[in-house]
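Enquirer: The structure is given below, and queries will be raised subsequently.
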Amino acid sequence: MAVRLFEGKDHAASYLQYRVAPQELISKIMDYMKKKTQNQFKLAVDVGCGSGQGTILLAPYFTTVVGTDISPAQLEAASANSRPPNVSYRECPAEELPFAAGEVDLVTAMTAAHWFDRPRFLQEADRVLRSGGCLALLSYSLSMTLEYGDVSDALNDICKEFYAALIPYRSPYLGPSSMNIYLDMFNSCTYQDKEWNECLHVKRTLPLRGYIGMVKTFSNYQKLKEKDPAEAERLSNDIQNKLLSAMKASSPDTEVTMVVHYFYWLACKP
Ligand SMILES: C[S@@+](CC[C@H](N)C(=O)[O-])C[C@H]1O[C@@H](n2cnc3c(N)ncnc32)[C@H](O)[C@@H]1O
């Protein structure tokens, strides 16, 4: 079973605006690939590419990069965004990739594989990868933290309140821990050559409204919004106001540092 979400145009537009793919993770993937495989970087496929922020970061390393997604709205947003000439997008399920067996040098899924039919996706990635090709799955904990002057602890108590209010809206498909989903996938991958990386902290400076906007792209916030739009708006406004008050700031354009805890795994097909 896979899950259909992320279909709304507004949701896709927020993705484009607020989700930022980390170059730090792409560098880790490419360092691994360069160590493991011959100099053959023809085709990378970014599965569940959403609006393509991560996909375009692969462009400098490959002759061709294809982002695939099941959501037409996400792909429309990706195509509307500027992209290097070697990047294109295809609509297809992660479990049925439109590539020949052994054609692909790198398969990535960035903050997406937890939504897939995971055993079928792993089988499909194995089918399309060439021998020596690599698989890279990454995601992050939804409990990002904020740093701002000497009030970071106070801000993080407020952030925790935000996340706690969204827990009841978490998809049952994900279970209680996203990291465990990735660990289970890692354990089920039969490649000998694989590595699990539990913690990479990535920092981003962004306006407070960017942090709030990012949490609003999460599926649990979207679920709340679908059920009770007024409550969703009240909650995000209330959290933003509490954060501003703790910061002694008046504008949501005030910049904060957001710390995101990524986990990822890499594997090389024998
Ligand atoms: C959380 S978003 C991540 C998007 C992007 N990779 C990023 O890092 O911002 C997950 C994406 O996976 C896509 N998706 C979910 N299930 C899928 C499936 N079975 N096949 C293909 N794409 C899928 C969704 O449409 C969505 O665009």
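We name chains A, B, ... following the order of the structure tokens; residues begin at 1 in each chain, and ligands are numbered from 1 as shown.
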Do a neighbour search on A:Ser152 at 12 Å with only C-alpha atoms, toss out local chain neighbours closer than 6 positions, and write the hits as a PDB file with C-alpha atoms, in the first residue's frame.
Expert:
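That gives us around.pdb:
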```pdb
ATOM      1  CA  THR A 145      14.522  23.300  16.933  1.00  0.00           C
ATOM      2  CA  LEU A 146      15.079  27.052  16.825  1.00  0.00           C
ATOM      3  CA  ILE A 158       6.716  26.580  22.263  1.00  0.00           C
ATOM      4  CA  CYS A 159       7.784  24.510  19.239  1.00  0.00           C
ATOM      5  CA  LEU A 243       7.402  32.739  19.549  1.00  0.00           C
ATOM      6  CA  LEU A 244       7.467  36.454  18.694  1.00  0.00           C
ATOM      7  CA  ALA A 246       9.453  35.152  23.624  1.00  0.00           C
ATOM      8  CA  MET A 247      11.824  36.732  21.099  1.00  0.00           C
ATOM      9  CA  VAL A 256      15.906  32.734  13.454  1.00  0.00           C
ATOM     10  CA  THR A 257      18.172  29.714  13.058  1.00  0.00           C
ATOM     11  CA  MET A 258      16.350  26.463  12.450  1.00  0.00           C
ATOM     12  CA  VAL A 259      18.172  23.219  13.245  1.00  0.00           C
TER      13      VAL A 259
END
```
Enquirer: Would you list, as an MDAnalysis selection string, the residues of stretch 95-238 of chain A that end up in alpha helix (DSSP H) under DSSP run on this structure's backbone?
Expert: chainID A and resid 118:128 152:166 178:188 208:217 219:227 229:238
Enquirer: The selected residues should be written to file as a short mmCIF file (atom, residue, chain, number, x, y, z; two decimals), in the first residue's frame (atoms: C-alpha atoms).
Expert:
```
data_model
loop_
_atom_site.label_atom_id
_atom_site.label_comp_id
_atom_site.auth_asym_id
_atom_site.auth_seq_id
_atom_site.Cartn_x
_atom_site.Cartn_y
_atom_site.Cartn_z
CA ARG A 118 8.34 0.38 0.92
CA PRO A 119 9.07 -3.28 0.03
CA ARG A 120 7.86 -2.72 -3.54
CA PHE A 121 9.88 0.49 -3.86
CA LEU A 122 13.07 -1.21 -2.65
CA GLN A 123 12.50 -3.99 -5.18
CA GLU A 124 11.94 -1.44 -7.94
CA ALA A 125 15.02 0.59 -7.00
CA ASP A 126 17.04 -2.64 -7.12
CA ARG A 127 15.64 -3.41 -10.58
CA VAL A 128 16.53 -0.06 -12.14
CA SER A 152 16.27 29.33 22.43
CA ASP A 153 15.01 27.10 25.28
CA ALA A 154 11.82 29.13 25.59
CA LEU A 155 11.28 28.96 21.82
CA ASN A 156 11.75 25.23 21.82
CA ASP A 157 9.14 24.73 24.54
CA ILE A 158 6.72 26.58 22.26
CA CYS A 159 7.78 24.51 19.24
CA LYS A 160 7.14 21.34 21.28
CA GLU A 161 3.65 22.63 22.00
CA PHE A 162 3.14 23.05 18.23
CA TYR A 163 4.32 19.51 17.45
CA ALA A 164 2.29 18.02 20.31
CA ALA A 165 -0.89 19.65 18.98
CA LEU A 166 -0.26 17.98 15.61
CA SER A 178 9.78 7.94 11.01
CA MET A 179 13.35 7.04 11.87
CA ASN A 180 12.27 3.46 12.61
CA ILE A 181 10.70 3.24 9.16
CA TYR A 182 14.04 4.12 7.59
CA LEU A 183 15.91 1.77 9.90
CA ASP A 184 13.54 -1.06 8.94
CA MET A 185 14.10 -0.30 5.25
CA PHE A 186 17.85 -0.21 5.85
CA ASN A 187 17.75 -3.57 7.62
CA SER A 188 15.71 -5.11 4.84
CA LEU A 208 10.26 33.08 11.58
CA ARG A 209 7.40 32.98 9.05
CA GLY A 210 9.51 30.51 7.01
CA TYR A 211 9.69 28.14 9.98
CA ILE A 212 5.93 28.37 10.51
CA GLY A 213 5.40 27.94 6.75
CA MET A 214 7.51 24.81 6.75
CA VAL A 215 5.60 23.19 9.62
CA LYS A 216 2.42 24.03 7.72
CA THR A 217 3.62 21.84 4.82
CA SER A 219 1.13 16.15 6.46
CA ASN A 220 -0.18 16.30 10.05
CA TYR A 221 -0.77 20.07 9.80
CA GLN A 222 -2.43 19.55 6.41
CA LYS A 223 -4.68 16.90 7.95
CA LEU A 224 -5.74 19.29 10.71
CA LYS A 225 -6.33 22.00 8.09
CA GLU A 226 -8.52 19.64 6.09
CA LYS A 227 -10.60 18.75 9.17
CA PRO A 229 -9.23 25.04 8.74
CA ALA A 230 -10.06 27.67 11.36
CA GLU A 231 -8.38 25.67 14.14
CA ALA A 232 -5.30 25.10 11.96
CA GLU A 233 -5.00 28.84 11.32
CA ARG A 234 -5.62 29.67 14.99
CA LEU A 235 -2.94 27.19 16.10
CA SER A 236 -0.24 28.45 13.72
CA ASN A 237 -1.03 32.11 14.51
CA ASP A 238 -1.01 31.38 18.24
#
```
Enquirer: Quick one: DSSP strand (DSSP E or B) residues in stretch 50-187 of chain A, as an MDAnalysis selection string?
Expert: chainID A and resid 64:69 87:91 104:110 129:140 145:147
Enquirer: Using only N, CA and C atoms, please write the residues we just selected to a file, as a short mmCIF file (atom, residue, chain, number, x, y, z; two decimals), in the first residue's frame.
Expert:
```cif
data_model
loop_
_atom_site.label_atom_id
_atom_site.label_comp_id
_atom_site.auth_asym_id
_atom_site.auth_seq_id
_atom_site.Cartn_x
_atom_site.Cartn_y
_atom_site.Cartn_z
N THR A 64 22.08 13.30 -16.77
CA THR A 64 20.62 13.47 -16.77
C THR A 64 20.08 13.20 -15.36
N VAL A 65 19.16 14.04 -14.94
CA VAL A 65 18.47 13.82 -13.65
C VAL A 65 16.97 13.83 -13.92
N VAL A 66 16.29 12.80 -13.42
CA VAL A 66 14.83 12.75 -13.58
C VAL A 66 14.19 12.72 -12.19
N GLY A 67 13.29 13.65 -11.95
CA GLY A 67 12.49 13.65 -10.72
C GLY A 67 11.18 12.97 -11.03
N THR A 68 10.77 12.03 -10.15
CA THR A 68 9.49 11.35 -10.38
C THR A 68 8.59 11.57 -9.17
N ASP A 69 7.31 11.67 -9.43
CA ASP A 69 6.36 11.85 -8.32
C ASP A 69 4.99 11.37 -8.79
N VAL A 87 17.62 18.49 -16.16
CA VAL A 87 16.63 17.98 -15.20
C VAL A 87 15.25 17.93 -15.85
N SER A 88 14.57 16.78 -15.71
CA SER A 88 13.18 16.69 -16.18
C SER A 88 12.36 15.93 -15.15
N TYR A 89 11.05 15.93 -15.35
CA TYR A 89 10.16 15.32 -14.37
C TYR A 89 9.22 14.32 -15.04
N ARG A 90 8.88 13.27 -14.32
CA ARG A 90 7.95 12.26 -14.84
C ARG A 90 6.93 11.92 -13.75
N GLU A 91 5.68 11.74 -14.19
CA GLU A 91 4.65 11.33 -13.23
C GLU A 91 4.56 9.81 -13.21
N VAL A 104 20.02 2.90 -14.16
CA VAL A 104 20.15 4.08 -13.29
C VAL A 104 21.40 3.99 -12.42
N ASP A 105 22.12 5.11 -12.29
CA ASP A 105 23.34 5.14 -11.47
C ASP A 105 23.04 5.48 -10.01
N LEU A 106 22.05 6.33 -9.79
CA LEU A 106 21.71 6.72 -8.42
C LEU A 106 20.19 6.85 -8.29
N VAL A 107 19.64 6.22 -7.27
CA VAL A 107 18.22 6.44 -6.91
C VAL A 107 18.21 7.15 -5.56
N THR A 108 17.54 8.30 -5.49
CA THR A 108 17.37 8.98 -4.21
C THR A 108 15.88 9.07 -3.88
N ALA A 109 15.58 9.17 -2.60
CA ALA A 109 14.23 9.58 -2.17
C ALA A 109 14.45 10.48 -0.96
N MET A 110 14.03 11.72 -1.10
CA MET A 110 14.31 12.71 -0.05
C MET A 110 13.00 13.03 0.67
N LEU A 129 18.55 0.00 -10.74
CA LEU A 129 19.96 0.35 -10.49
C LEU A 129 20.89 -0.58 -11.26
N ARG A 130 21.97 0.00 -11.76
CA ARG A 130 23.02 -0.85 -12.35
C ARG A 130 23.85 -1.45 -11.22
N SER A 131 24.63 -2.45 -11.57
CA SER A 131 25.58 -2.99 -10.60
C SER A 131 26.58 -1.87 -10.26
N GLY A 132 26.79 -1.63 -8.97
CA GLY A 132 27.66 -0.51 -8.57
C GLY A 132 26.90 0.80 -8.41
N GLY A 133 25.63 0.79 -8.80
CA GLY A 133 24.80 2.00 -8.60
C GLY A 133 24.43 2.14 -7.13
N CYS A 134 24.01 3.34 -6.75
CA CYS A 134 23.75 3.61 -5.32
C CYS A 134 22.31 4.02 -5.05
N LEU A 135 21.91 3.72 -3.82
CA LEU A 135 20.58 4.10 -3.34
C LEU A 135 20.79 5.01 -2.13
N ALA A 136 20.09 6.13 -2.09
CA ALA A 136 20.24 7.07 -0.96
C ALA A 136 18.86 7.50 -0.49
N LEU A 137 18.53 7.16 0.75
CA LEU A 137 17.23 7.55 1.31
C LEU A 137 17.48 8.46 2.50
N LEU A 138 16.83 9.59 2.50
CA LEU A 138 17.04 10.50 3.61
C LEU A 138 15.71 11.11 4.07
N SER A 139 15.71 11.47 5.33
CA SER A 139 14.54 12.16 5.87
C SER A 139 14.97 12.91 7.13
N TYR A 140 14.02 13.60 7.76
CA TYR A 140 14.39 14.30 8.98
C TYR A 140 13.28 14.21 10.00
N THR A 145 14.38 22.35 15.83
CA THR A 145 14.52 23.30 16.93
C THR A 145 14.92 24.67 16.38
N LEU A 146 14.76 25.68 17.23
CA LEU A 146 15.08 27.05 16.83
C LEU A 146 16.16 27.62 17.75
N GLU A 147 17.00 28.46 17.19
CA GLU A 147 17.99 29.18 18.00
C GLU A 147 17.78 30.67 17.77
#
```
Enquirer: Which one is closest to A:Gln192: A:Pro22, A:Pro252, A:Gly48, A:Pro270? Count only C-alpha atoms.
Expert: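 When distances to A:Gln192 are compared using only C-alpha atoms, the smallest one comes from A:Pro270.
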Enquirer: I'd like the neighbourhood of A:Arg83 as an NGL selection string, where a residue qualifies if any of its atoms comes within 9 Å (using only C-alpha atoms), though same-chain residues fewer than 5 positions away should be ignored.
Expert: :A and (52 or 56 or 59 or 78 or 88)
Enquirer: Please report the interatomic distance between atom CA of A:Leu142 and atom CA of A:Glu76 in Å with one decimal.
Expert: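 Value for the atom CA of A:Leu142-atom CA of A:Glu76 distance: 25.5 Å.
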Enquirer: Expressed in Å to a single decimal, how great is the separation between atom 25 (O, counted along the ligand's line) of ligand 1 and atom CA of A:Glu198?
Expert: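 Atom-to-atom, atom 25 (O, counted along the ligand's line) of ligand 1 to atom CA of A:Glu198, that is 24.7 Å.
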Enquirer: Could you check which of A:Gly50, A:Pro207, A:Gly175, A:Pro72 is closest to ligand 1, using only C-alpha atoms and all ligand atoms?
Expert: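 Distance minimum relative to ligand 1 lands on A:Gly50.
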